$ cat run31.txt   # compact mmCIF, C-alpha atoms and all ligand atoms
# COMPACT_ATOMS: atom_id res chain seq x y z
CA MET V 290 0.00 0.00 0.00
CA LEU V 291 1.15 3.54 -0.75
CA LYS V 292 0.67 6.54 1.48
CA ALA V 293 -0.89 9.58 -0.18
CA TYR V 294 0.66 12.99 0.40
CA TYR V 295 -2.88 14.32 0.17
CA LYS V 296 -6.38 12.99 -0.50
CA SER V 297 -9.44 15.20 -0.87
CA PRO V 298 -12.33 14.39 1.49
CA ASP V 299 -14.30 12.82 -1.39
CA HIS V 300 -11.25 10.77 -2.53
CA ALA V 301 -11.55 12.19 -6.05
CA PHE V 302 -8.16 13.94 -5.78
CA ASN V 303 -5.13 11.90 -4.75
CA LEU V 304 -1.51 12.98 -4.70
CA LEU V 305 1.66 10.94 -4.25
CA HIS V 306 4.88 12.71 -3.30
CA GLY V 307 7.94 11.08 -4.85
CA ASP V 308 9.69 10.01 -8.02
CA THR V 309 7.33 8.85 -10.73
CA PHE V 310 9.88 6.26 -11.92
CA GLU V 311 9.86 4.66 -8.47
CA LEU V 312 6.16 5.03 -7.69
CA LEU V 313 4.51 3.94 -10.96
CA PRO V 314 5.80 0.34 -10.76
CA GLN V 315 4.45 0.04 -7.19
CA PHE V 316 0.75 -0.16 -8.06
CA ASN V 317 -1.41 -1.94 -10.54
CA TYR V 318 -4.32 0.19 -11.71
CA LYS V 319 -5.59 1.12 -15.15
CA PHE V 320 -6.61 4.70 -15.84
CA ASP V 321 -9.00 6.02 -18.49
CA MET V 322 -6.68 8.85 -19.48
CA ILE V 323 -3.21 10.22 -18.74
CA PHE V 324 -2.10 13.81 -19.12
CA ALA V 325 1.63 14.44 -18.79
CA ASP V 326 3.56 17.69 -18.88
CA PRO V 327 7.08 16.27 -18.49
CA PRO V 328 10.25 18.33 -18.10
CA TYR V 329 11.05 20.17 -21.38
CA PHE V 330 14.81 20.21 -20.71
CA LEU V 331 15.05 23.84 -21.75
CA SER V 332 16.52 25.44 -18.64
CA SER V 333 19.94 26.57 -19.87
CA GLY V 334 20.11 30.22 -18.83
CA GLY V 335 17.71 31.77 -21.40
CA ILE V 336 16.03 35.15 -20.82
CA SER V 337 12.58 36.66 -21.43
CA VAL V 338 10.49 39.69 -20.39
CA GLN V 339 7.93 39.51 -17.60
CA SER V 340 6.01 42.61 -16.45
CA GLY V 341 8.51 44.80 -18.35
CA LYS V 342 11.57 43.22 -16.67
CA VAL V 343 14.21 40.95 -18.21
CA VAL V 344 14.14 37.65 -16.29
CA CYS V 345 15.93 34.31 -16.49
CA VAL V 346 13.52 31.65 -17.76
CA ASP V 347 15.15 28.67 -16.04
CA LYS V 348 12.43 26.59 -14.37
CA GLY V 349 14.48 24.61 -11.87
CA GLU V 350 16.88 21.69 -11.43
CA TRP V 351 14.22 19.26 -12.73
CA ASP V 352 14.22 21.02 -16.10
CA LYS V 353 18.00 21.32 -16.75
CA SER V 354 19.00 20.63 -20.35
CA MET V 355 20.25 17.13 -21.25
CA SER V 356 21.73 15.50 -24.33
CA GLN V 357 19.33 14.17 -26.99
CA ASP V 358 20.21 10.58 -26.04
CA GLU V 359 19.40 11.27 -22.40
CA ILE V 360 16.10 12.93 -23.34
CA ASN V 361 15.14 9.92 -25.50
CA ALA V 362 16.02 7.47 -22.72
CA PHE V 363 13.99 9.51 -20.21
CA ASN V 364 10.95 9.62 -22.51
CA ILE V 365 11.04 5.92 -23.38
CA LYS V 366 11.20 5.03 -19.70
CA TRP V 367 8.24 7.05 -18.42
CA LEU V 368 6.07 6.46 -21.52
CA SER V 369 6.57 2.73 -21.17
CA LEU V 370 5.63 2.83 -17.44
CA CYS V 371 2.54 4.89 -18.29
CA ARG V 372 1.41 2.46 -21.00
CA GLU V 373 1.11 -0.17 -18.26
CA LYS V 374 -1.22 2.16 -16.37
CA LEU V 375 -3.67 2.79 -19.26
CA LYS V 376 -6.85 0.87 -20.01
CA ASP V 377 -6.70 -0.76 -23.44
CA ASN V 378 -9.08 1.90 -24.81
CA GLY V 379 -7.34 4.68 -22.88
CA THR V 380 -5.55 7.70 -24.28
CA ILE V 381 -2.55 9.80 -23.29
CA TRP V 382 -1.88 13.50 -23.86
CA ILE V 383 1.66 14.89 -23.63
CA SER V 384 2.46 18.59 -23.80
CA GLY V 385 5.78 20.03 -24.86
CA THR V 386 7.79 22.38 -27.01
CA TYR V 387 10.19 21.64 -29.85
CA HIS V 388 12.83 20.78 -27.22
CA ASN V 389 11.18 17.46 -26.31
CA ILE V 390 8.06 16.89 -28.41
CA PHE V 391 9.77 15.21 -31.39
CA SER V 392 11.47 12.77 -29.05
CA VAL V 393 8.11 12.08 -27.36
CA ALA V 394 6.44 11.39 -30.73
CA ASN V 395 9.19 8.93 -31.74
CA CYS V 396 9.06 7.14 -28.39
CA LEU V 397 5.25 6.82 -28.57
CA THR V 398 5.43 5.13 -31.96
CA GLN V 399 8.31 2.91 -30.84
CA LEU V 400 6.28 1.71 -27.84
CA GLY V 401 3.16 0.80 -29.85
CA TYR V 402 0.97 3.78 -29.08
CA LYS V 403 -1.02 5.23 -32.01
CA ILE V 404 -0.78 9.01 -32.42
CA LEU V 405 -4.27 10.50 -32.97
CA ASN V 406 -3.57 14.23 -33.20
CA VAL V 407 -0.90 16.81 -32.54
CA ILE V 408 -2.67 19.82 -31.06
CA THR V 409 -1.09 23.23 -31.55
CA TRP V 410 -1.91 25.44 -28.60
CA ALA V 411 -1.62 28.95 -30.08
CA LYS V 412 -1.35 31.33 -27.13
CA THR V 413 -3.44 34.44 -27.65
CA ASN V 414 -1.19 36.50 -25.34
CA PRO V 415 2.43 35.28 -25.71
CA PRO V 416 5.34 37.18 -24.10
CA PRO V 417 7.46 39.21 -26.56
CA ASN V 418 10.75 37.92 -27.96
CA ILE V 419 13.33 40.33 -26.59
CA SER V 420 16.26 39.27 -28.81
CA CYS V 421 14.35 40.32 -31.97
CA ARG V 422 16.28 37.60 -33.79
CA TYR V 423 13.48 35.02 -33.94
CA PHE V 424 9.72 34.86 -34.39
CA THR V 425 7.92 35.23 -31.07
CA TYR V 426 7.41 31.82 -29.43
CA SER V 427 3.64 31.56 -29.12
CA THR V 428 2.86 27.85 -29.39
CA GLU V 429 3.07 24.62 -27.47
CA PHE V 430 2.24 21.18 -28.79
CA ILE V 431 0.12 18.49 -27.21
CA ILE V 432 0.28 15.00 -28.67
CA TRP V 433 -2.82 12.84 -28.24
CA ALA V 434 -2.27 9.10 -28.61
CA ARG V 435 -4.12 5.93 -27.79
CA LYS V 436 -2.65 2.86 -26.17
CA LYS V 437 -3.36 0.38 -28.93
CA GLU V 438 -3.30 0.58 -32.70
CA LYS V 439 -6.52 -1.42 -33.04
CA VAL V 440 -8.60 -0.63 -29.92
CA ALA V 441 -11.00 2.31 -30.38
CA HIS V 442 -10.68 5.32 -28.11
CA TYR V 443 -13.29 7.73 -26.70
CA TYR V 444 -13.69 11.12 -28.39
CA ASN V 445 -16.58 13.42 -27.54
CA TYR V 446 -16.95 14.69 -31.09
CA ASP V 447 -20.39 16.26 -30.58
CA LEU V 448 -19.34 18.20 -27.51
CA MET V 449 -16.19 19.55 -29.21
CA LYS V 450 -18.31 20.65 -32.18
CA HIS V 451 -20.80 22.31 -29.82
CA ILE V 452 -17.99 24.16 -28.02
CA ASN V 453 -16.64 25.26 -31.40
CA GLY V 454 -19.93 26.94 -32.31
CA GLY V 455 -21.36 24.10 -34.42
CA THR V 456 -18.38 23.37 -36.69
CA GLN V 457 -15.73 20.65 -36.30
CA MET V 458 -13.04 21.48 -33.74
CA THR V 459 -9.62 21.66 -35.42
CA ASP V 460 -6.23 20.74 -34.00
CA VAL V 461 -5.30 24.41 -33.51
CA TRP V 462 -6.58 25.71 -30.18
CA ARG V 463 -6.44 29.45 -29.61
CA LEU V 464 -6.42 29.76 -25.85
CA PRO V 465 -4.84 32.30 -23.49
CA ALA V 466 -1.87 31.60 -21.22
CA ILE V 467 -2.53 31.24 -17.50
CA ALA V 468 -4.66 33.99 -15.90
CA PRO V 469 -4.00 35.75 -12.54
CA TRP V 470 -7.01 34.08 -10.82
CA GLU V 471 -5.35 30.68 -11.37
CA LYS V 472 -2.28 31.69 -9.40
CA LYS V 473 -3.89 32.41 -6.02
CA CYS V 474 -2.07 29.53 -4.29
CA THR V 475 1.30 30.75 -5.66
CA LYS V 476 2.49 29.89 -9.10
CA HIS V 477 4.30 26.83 -10.39
CA PRO V 478 6.92 27.98 -12.97
CA THR V 479 5.26 25.97 -15.76
CA GLN V 480 1.67 25.88 -14.53
CA LYS V 481 -0.80 25.12 -17.34
CA PRO V 482 -4.09 27.01 -17.71
CA LEU V 483 -7.22 25.25 -16.44
CA GLY V 484 -9.00 26.08 -19.72
CA LEU V 485 -6.52 23.95 -21.68
CA LEU V 486 -6.88 20.95 -19.35
CA ALA V 487 -10.67 21.31 -19.31
CA ARG V 488 -10.82 20.94 -23.08
CA ILE V 489 -8.52 17.91 -23.04
CA ILE V 490 -10.57 16.21 -20.32
CA LEU V 491 -13.93 17.00 -21.92
CA ALA V 492 -12.73 15.71 -25.30
CA SER V 493 -11.38 12.39 -24.11
CA THR V 494 -13.18 11.24 -20.95
CA GLU V 495 -16.65 10.69 -19.54
CA ALA V 496 -17.80 11.87 -16.09
CA GLY V 497 -16.35 9.72 -13.31
CA ALA V 498 -13.23 8.77 -15.32
CA TRP V 499 -9.89 8.21 -13.57
CA ILE V 500 -7.05 10.46 -14.82
CA LEU V 501 -3.33 10.09 -14.02
CA ASP V 502 -0.69 12.83 -14.18
CA PRO V 503 2.83 11.44 -13.60
CA PHE V 504 4.45 14.93 -13.48
CA ALA V 505 1.71 16.73 -11.59
CA GLY V 506 3.44 20.03 -10.70
CA SER V 507 0.70 22.17 -9.13
CA SER V 508 -1.95 19.59 -10.24
CA THR V 509 -3.77 21.68 -12.84
CA THR V 510 -4.89 18.33 -14.28
CA GLY V 511 -6.43 17.31 -10.96
CA ILE V 512 -8.19 20.62 -10.38
CA ALA V 513 -9.66 20.60 -13.90
CA ALA V 514 -10.61 16.92 -13.48
CA ASN V 515 -12.50 17.60 -10.24
CA LEU V 516 -14.18 20.72 -11.66
CA LEU V 517 -15.51 18.38 -14.36
CA GLY V 518 -16.56 15.41 -12.25
CA ARG V 519 -13.53 13.25 -13.03
CA ARG V 520 -11.12 11.63 -10.55
CA PHE V 521 -7.38 12.18 -10.28
CA LEU V 522 -4.09 10.67 -9.18
CA GLY V 523 -1.02 12.89 -9.44
CA ILE V 524 2.65 12.19 -8.75
CA GLU V 525 5.06 15.03 -7.94
CA ARG V 526 8.66 14.87 -6.76
CA GLU V 527 9.09 18.37 -5.30
CA GLU V 528 7.42 18.90 -1.91
CA GLU V 529 7.01 22.61 -2.68
CA PHE V 530 4.81 21.81 -5.69
CA ALA V 531 2.89 19.05 -3.90
CA ALA V 532 2.01 21.64 -1.25
CA ILE V 533 0.70 24.00 -3.97
CA SER V 534 -1.44 21.14 -5.32
CA LYS V 535 -2.94 20.51 -1.90
CA ALA V 536 -3.68 24.21 -1.40
CA ARG V 537 -5.33 24.42 -4.82
CA ARG V 538 -7.55 21.43 -4.10
CA GLU V 539 -8.48 22.78 -0.66
CA GLU V 540 -9.43 26.05 -2.31
CA ILE V 541 -12.17 24.39 -4.39
CA GLU V 542 -13.62 22.58 -1.36
CA ASP V 543 -15.43 25.88 -0.92
CA ALA V 544 -18.57 25.52 -3.05
CA LYS V 545 -18.58 29.21 -4.02
CA THR V 546 -14.98 29.09 -5.29
CA TYR V 547 -15.73 25.82 -7.08
CA ALA V 548 -18.67 27.42 -8.90
CA THR V 549 -16.71 30.62 -9.65
CA TYR V 550 -13.82 28.67 -11.21
CA ARG V 551 -16.21 26.65 -13.36
CA ARG V 552 -17.75 29.90 -14.58
CA LYS V 553 -14.33 31.27 -15.56
CA ILE V 554 -13.63 28.38 -17.94
CA PRO V 555 -15.37 29.02 -21.29
CA ASP V 556 -15.56 25.34 -22.36
CA ILE V 557 -17.28 24.41 -19.09
CA MET V 558 -19.81 27.23 -19.52
CA LYS V 559 -20.57 26.02 -23.03
CA THR V 560 -21.17 22.46 -21.77
CA GLU V 561 -23.45 23.36 -18.86
CA ASP V 562 -26.54 22.86 -20.98
CA THR V 563 -25.35 19.49 -22.29
CA GLN V 564 -23.58 16.89 -20.15
CA THR V 565 -21.38 18.18 -17.37
CA GLU V 566 -22.52 17.57 -13.83
CA CYS V 567 -21.27 19.18 -10.65
CA PHE V 568 -19.17 16.38 -9.17
CA MET V 569 -18.99 17.84 -5.68
CA CYS V 570 -22.75 17.44 -5.33
CA ARG V 571 -22.61 13.73 -6.19
CA GLU V 572 -22.35 12.11 -2.81
CA ASP V 573 -23.39 8.79 -4.34
CA ILE V 574 -19.96 8.44 -5.97
CA GLU V 575 -17.24 7.28 -3.63
CA VAL V 576 -14.65 5.27 -5.41
CA ARG V 577 -11.21 4.91 -3.86
CA LEU V 578 -7.89 3.87 -5.30
CA PRO V 579 -7.31 0.37 -3.86
CA PHE V 580 -3.53 0.77 -3.50
CA LEU V 581 -3.66 3.86 -1.24
CA GLU V 582 -3.62 3.59 2.54
CA ASP V 583 -6.85 4.71 4.16
CA ASP V 584 -5.52 7.12 6.77
CA ASP V 585 -5.06 10.66 5.50
CA ILE V 586 -2.13 12.82 6.55
C1 LIG V 601 6.30 20.85 -16.52
S1 LIG V 601 6.01 20.64 -14.82
C2 LIG V 601 4.28 20.23 -14.71
C3 LIG V 601 3.42 21.44 -14.46
C4 LIG V 601 1.94 21.10 -14.33
N1 LIG V 601 1.38 20.71 -15.62
C5 LIG V 601 1.13 22.23 -13.76
O1 LIG V 601 0.19 22.72 -14.40
O2 LIG V 601 1.45 22.67 -12.64
C6 LIG V 601 6.80 19.11 -14.55
C7 LIG V 601 6.79 18.67 -13.08
O3 LIG V 601 7.33 17.37 -13.01
C8 LIG V 601 8.05 17.25 -11.80
N2 LIG V 601 8.99 16.12 -11.99
C9 LIG V 601 10.11 16.10 -12.75
N3 LIG V 601 10.67 14.88 -12.70
C10 LIG V 601 9.88 14.12 -11.90
C11 LIG V 601 9.93 12.77 -11.47
N4 LIG V 601 10.92 11.95 -11.86
N5 LIG V 601 8.95 12.32 -10.67
C12 LIG V 601 7.93 13.12 -10.26
N6 LIG V 601 7.84 14.43 -10.64
C13 LIG V 601 8.80 14.91 -11.45
C14 LIG V 601 8.71 18.60 -11.60
O4 LIG V 601 9.02 18.84 -10.25
C15 LIG V 601 7.63 19.55 -12.16
O5 LIG V 601 6.82 20.05 -11.11
$ encode --input "run31.txt" --output "structure tokens"
Amino acid sequence: MLKAYYKSPDHAFNLLHGDTFELLPQFNYKFDMIFADPPYFLSSGGISVQSGKVVCVDKGEWDKSMSQDEINAFNIKWLSLCREKLKDNGTIWISGTYHNIFSVANCLTQLGYKILNVITWAKTNPPPNISCRYFTYSTEFIIWARKKEKVAHYYNYDLMKHINGGTQMTDVWRLPAIAPWEKKCTKHPTQKPLGLLARIILASTEAGAWILDPFAGSSTTGIAANLLGRRFLGIEREEEFAAISKARREEIEDAKTYATYRRKIPDIMKTEDTQTECFMCREDIEVRLPFLEDDDI
């Protein structure tokens, strides 16, 4: 049995503190979907502008640049551990930049996953490029793949079309970068916006689904999952970020904050009239992860 760093009172949000490479092999459970935002290996002393000031963009020790061979070995290892944790009809989403995303795509194919789409997240408000020697970096990529070549996956086509105003949703998503209201519990250096995760979760899972994030950071995946009536297990190595995750989840225990955050996410607002239920009101659902100890910290 594993001890959770934090479990929400309804057991829909579960966080393990530790190394994903050590923890993943210690339990046997199949998830409906995995979202992973692994290290990009781009922290090598670069600079950018934030609030008018030149700042170093290094994210931390966990993101230090590595050789291409080391990046490939890292990606093969975690993607292979994650494949073991997916249901046969499950899907995985991996976000990245050009620094790691081509390696991720190659590793996915090598391991037998089938790539379904490569989403381009076009940020509507990117920071300027201060060197003036390149185009402004305004995109990130998110690969969507299924576990098996021949086992069908779940895609909520109708809902995506509805959100897109009645026409097919394309693989280019114009969404803003993270907003100030998402940073109330202090900011993770690479925190993803809830709006991006909400779309991913709505597109590829049904209410009640179990979602795994092996590089949880501040658990944006878990917060979006719970705002949408899905369940979450995250793994994070840095205590500082696990503490942010816990604070973020405690924040939405308050029903008013929970409702306010849902209202701030456009895709959730557009789904209200169709399928999405308020998970926190569903006291009938109490499913626990069987490999987690019962006593909360
Ligand atoms: C790109 S960030 C994820 C940010 C997250 N998507 C969010 O919105 O907050 C990657 C995270 O993976 C964590 N990490 C890196 N290597 C890890 C490992 N081997 N095991 C567990 N966590 C790891 C880092 O500490 C970092 O918080």
$ residues_near_ligand --input "run31.txt" --ligand "ligand LIG 601 (chain V)" --cutoff "6 Å" --atoms "only C-alpha atoms and all ligand atoms" --output "ChimeraX atom specification"
/V:307-310,326-328,351,477,479-481,504-509,524-527
$ closest_residue --input "run31.txt" --among "V:Ile467, V:Ala492, V:Ile408, V:Leu304" --to "V:Tyr444" --atoms "only C-alpha atoms"
V:Ala492
$ closest_residue --input "run31.txt" --among "V:Ile489, V:Arg538, V:Gln457, V:Asn418" --to "V:Cys474" --atoms "all atoms listed in the file"
V:Arg538
$ residues_around --input "run31.txt" --residues "V:Leu375" --least-positions-apart "3" --cutoff "12 Å" --atoms "only C-alpha atoms" --output "MDAnalysis selection string"
chainID V and resid 313 317:324 368:372 378:382 402 434:437 442 498:502
$ residues_around --input "run31.txt" --residues "stretch 547-553 of chain V" --least-positions-apart "2" --cutoff "10 Å" --atoms "all atoms listed in the file" --output "count of residues only"
25
$ atom_distance --input "run31.txt" --atom1 "atom CA of V:Asn389" --atom2 "atom CA of V:Glu311"
22.0 Å
$ atom_distance --input "run31.txt" --atom1 "atom CA of V:Ser384" --atom2 "atom CA of V:Asn361"
15.5 Å
$ build_atoms --input "run31.txt" --residues "stretch 368-397 of chain V" --atoms "N, CA and C atoms" --output "PDB file, in the coordinates of the input"
ATOM      1  N   LEU V 368       7.197   6.798 -20.632  1.00  0.00           N
ATOM      2  CA  LEU V 368       6.070   6.460 -21.520  1.00  0.00           C
ATOM      3  C   LEU V 368       5.761   4.961 -21.468  1.00  0.00           C
ATOM      4  N   SER V 369       6.802   4.164 -21.256  1.00  0.00           N
ATOM      5  CA  SER V 369       6.570   2.730 -21.170  1.00  0.00           C
ATOM      6  C   SER V 369       5.901   2.394 -19.824  1.00  0.00           C
ATOM      7  N   LEU V 370       6.302   3.047 -18.729  1.00  0.00           N
ATOM      8  CA  LEU V 370       5.630   2.830 -17.440  1.00  0.00           C
ATOM      9  C   LEU V 370       4.167   3.273 -17.504  1.00  0.00           C
ATOM     10  N   CYS V 371       3.916   4.378 -18.202  1.00  0.00           N
ATOM     11  CA  CYS V 371       2.540   4.890 -18.290  1.00  0.00           C
ATOM     12  C   CYS V 371       1.653   3.972 -19.136  1.00  0.00           C
ATOM     13  N   ARG V 372       2.227   3.343 -20.143  1.00  0.00           N
ATOM     14  CA  ARG V 372       1.410   2.460 -21.000  1.00  0.00           C
ATOM     15  C   ARG V 372       0.810   1.326 -20.174  1.00  0.00           C
ATOM     16  N   GLU V 373       1.580   0.878 -19.178  1.00  0.00           N
ATOM     17  CA  GLU V 373       1.110  -0.170 -18.260  1.00  0.00           C
ATOM     18  C   GLU V 373      -0.081   0.293 -17.430  1.00  0.00           C
ATOM     19  N   LYS V 374      -0.201   1.601 -17.265  1.00  0.00           N
ATOM     20  CA  LYS V 374      -1.220   2.160 -16.370  1.00  0.00           C
ATOM     21  C   LYS V 374      -2.462   2.628 -17.139  1.00  0.00           C
ATOM     22  N   LEU V 375      -2.518   2.357 -18.449  1.00  0.00           N
ATOM     23  CA  LEU V 375      -3.670   2.790 -19.260  1.00  0.00           C
ATOM     24  C   LEU V 375      -4.592   1.623 -19.558  1.00  0.00           C
ATOM     25  N   LYS V 376      -5.902   1.871 -19.517  1.00  0.00           N
ATOM     26  CA  LYS V 376      -6.850   0.870 -20.010  1.00  0.00           C
ATOM     27  C   LYS V 376      -6.578   0.651 -21.497  1.00  0.00           C
ATOM     28  N   ASP V 377      -6.984  -0.486 -22.024  1.00  0.00           N
ATOM     29  CA  ASP V 377      -6.700  -0.760 -23.440  1.00  0.00           C
ATOM     30  C   ASP V 377      -7.314   0.277 -24.378  1.00  0.00           C
ATOM     31  N   ASN V 378      -8.463   0.856 -23.968  1.00  0.00           N
ATOM     32  CA  ASN V 378      -9.080   1.900 -24.810  1.00  0.00           C
ATOM     33  C   ASN V 378      -8.716   3.304 -24.336  1.00  0.00           C
ATOM     34  N   GLY V 379      -7.712   3.386 -23.457  1.00  0.00           N
ATOM     35  CA  GLY V 379      -7.340   4.680 -22.880  1.00  0.00           C
ATOM     36  C   GLY V 379      -6.460   5.511 -23.797  1.00  0.00           C
ATOM     37  N   THR V 380      -6.398   6.810 -23.476  1.00  0.00           N
ATOM     38  CA  THR V 380      -5.550   7.700 -24.280  1.00  0.00           C
ATOM     39  C   THR V 380      -4.608   8.506 -23.375  1.00  0.00           C
ATOM     40  N   ILE V 381      -3.544   8.999 -24.012  1.00  0.00           N
ATOM     41  CA  ILE V 381      -2.550   9.800 -23.290  1.00  0.00           C
ATOM     42  C   ILE V 381      -2.330  11.111 -24.045  1.00  0.00           C
ATOM     43  N   TRP V 382      -2.194  12.192 -23.287  1.00  0.00           N
ATOM     44  CA  TRP V 382      -1.880  13.500 -23.860  1.00  0.00           C
ATOM     45  C   TRP V 382      -0.536  13.939 -23.285  1.00  0.00           C
ATOM     46  N   ILE V 383       0.368  14.416 -24.130  1.00  0.00           N
ATOM     47  CA  ILE V 383       1.660  14.890 -23.630  1.00  0.00           C
ATOM     48  C   ILE V 383       1.936  16.273 -24.203  1.00  0.00           C
ATOM     49  N   SER V 384       2.189  17.229 -23.320  1.00  0.00           N
ATOM     50  CA  SER V 384       2.460  18.590 -23.800  1.00  0.00           C
ATOM     51  C   SER V 384       3.957  18.827 -23.856  1.00  0.00           C
ATOM     52  N   GLY V 385       4.362  19.718 -24.752  1.00  0.00           N
ATOM     53  CA  GLY V 385       5.780  20.030 -24.860  1.00  0.00           C
ATOM     54  C   GLY V 385       6.059  21.108 -25.882  1.00  0.00           C
ATOM     55  N   THR V 386       7.341  21.419 -25.999  1.00  0.00           N
ATOM     56  CA  THR V 386       7.790  22.380 -27.010  1.00  0.00           C
ATOM     57  C   THR V 386       8.740  21.614 -27.954  1.00  0.00           C
ATOM     58  N   TYR V 387       9.322  22.335 -28.894  1.00  0.00           N
ATOM     59  CA  TYR V 387      10.190  21.640 -29.850  1.00  0.00           C
ATOM     60  C   TYR V 387      11.371  20.945 -29.161  1.00  0.00           C
ATOM     61  N   HIS V 388      11.692  21.370 -27.931  1.00  0.00           N
ATOM     62  CA  HIS V 388      12.830  20.780 -27.220  1.00  0.00           C
ATOM     63  C   HIS V 388      12.651  19.293 -26.943  1.00  0.00           C
ATOM     64  N   ASN V 389      11.384  18.868 -26.695  1.00  0.00           N
ATOM     65  CA  ASN V 389      11.180  17.460 -26.310  1.00  0.00           C
ATOM     66  C   ASN V 389      10.102  16.751 -27.124  1.00  0.00           C
ATOM     67  N   ILE V 390       9.270  17.495 -27.861  1.00  0.00           N
ATOM     68  CA  ILE V 390       8.060  16.890 -28.410  1.00  0.00           C
ATOM     69  C   ILE V 390       8.358  15.899 -29.558  1.00  0.00           C
ATOM     70  N   PHE V 391       9.450  16.150 -30.301  1.00  0.00           N
ATOM     71  CA  PHE V 391       9.770  15.210 -31.390  1.00  0.00           C
ATOM     72  C   PHE V 391      10.274  13.894 -30.812  1.00  0.00           C
ATOM     73  N   SER V 392      11.024  13.986 -29.729  1.00  0.00           N
ATOM     74  CA  SER V 392      11.470  12.770 -29.050  1.00  0.00           C
ATOM     75  C   SER V 392      10.261  12.003 -28.513  1.00  0.00           C
ATOM     76  N   VAL V 393       9.312  12.733 -27.902  1.00  0.00           N
ATOM     77  CA  VAL V 393       8.110  12.080 -27.360  1.00  0.00           C
ATOM     78  C   VAL V 393       7.357  11.349 -28.466  1.00  0.00           C
ATOM     79  N   ALA V 394       7.186  12.011 -29.620  1.00  0.00           N
ATOM     80  CA  ALA V 394       6.440  11.390 -30.730  1.00  0.00           C
ATOM     81  C   ALA V 394       7.132  10.102 -31.185  1.00  0.00           C
ATOM     82  N   ASN V 395       8.454  10.137 -31.320  1.00  0.00           N
ATOM     83  CA  ASN V 395       9.190   8.930 -31.740  1.00  0.00           C
ATOM     84  C   ASN V 395       9.049   7.813 -30.721  1.00  0.00           C
ATOM     85  N   CYS V 396       9.154   8.165 -29.445  1.00  0.00           N
ATOM     86  CA  CYS V 396       9.060   7.140 -28.390  1.00  0.00           C
ATOM     87  C   CYS V 396       7.662   6.525 -28.384  1.00  0.00           C
ATOM     88  N   LEU V 397       6.634   7.340 -28.564  1.00  0.00           N
ATOM     89  CA  LEU V 397       5.250   6.820 -28.570  1.00  0.00           C
ATOM     90  C   LEU V 397       5.108   5.746 -29.646  1.00  0.00           C
TER      91      LEU V 397
END
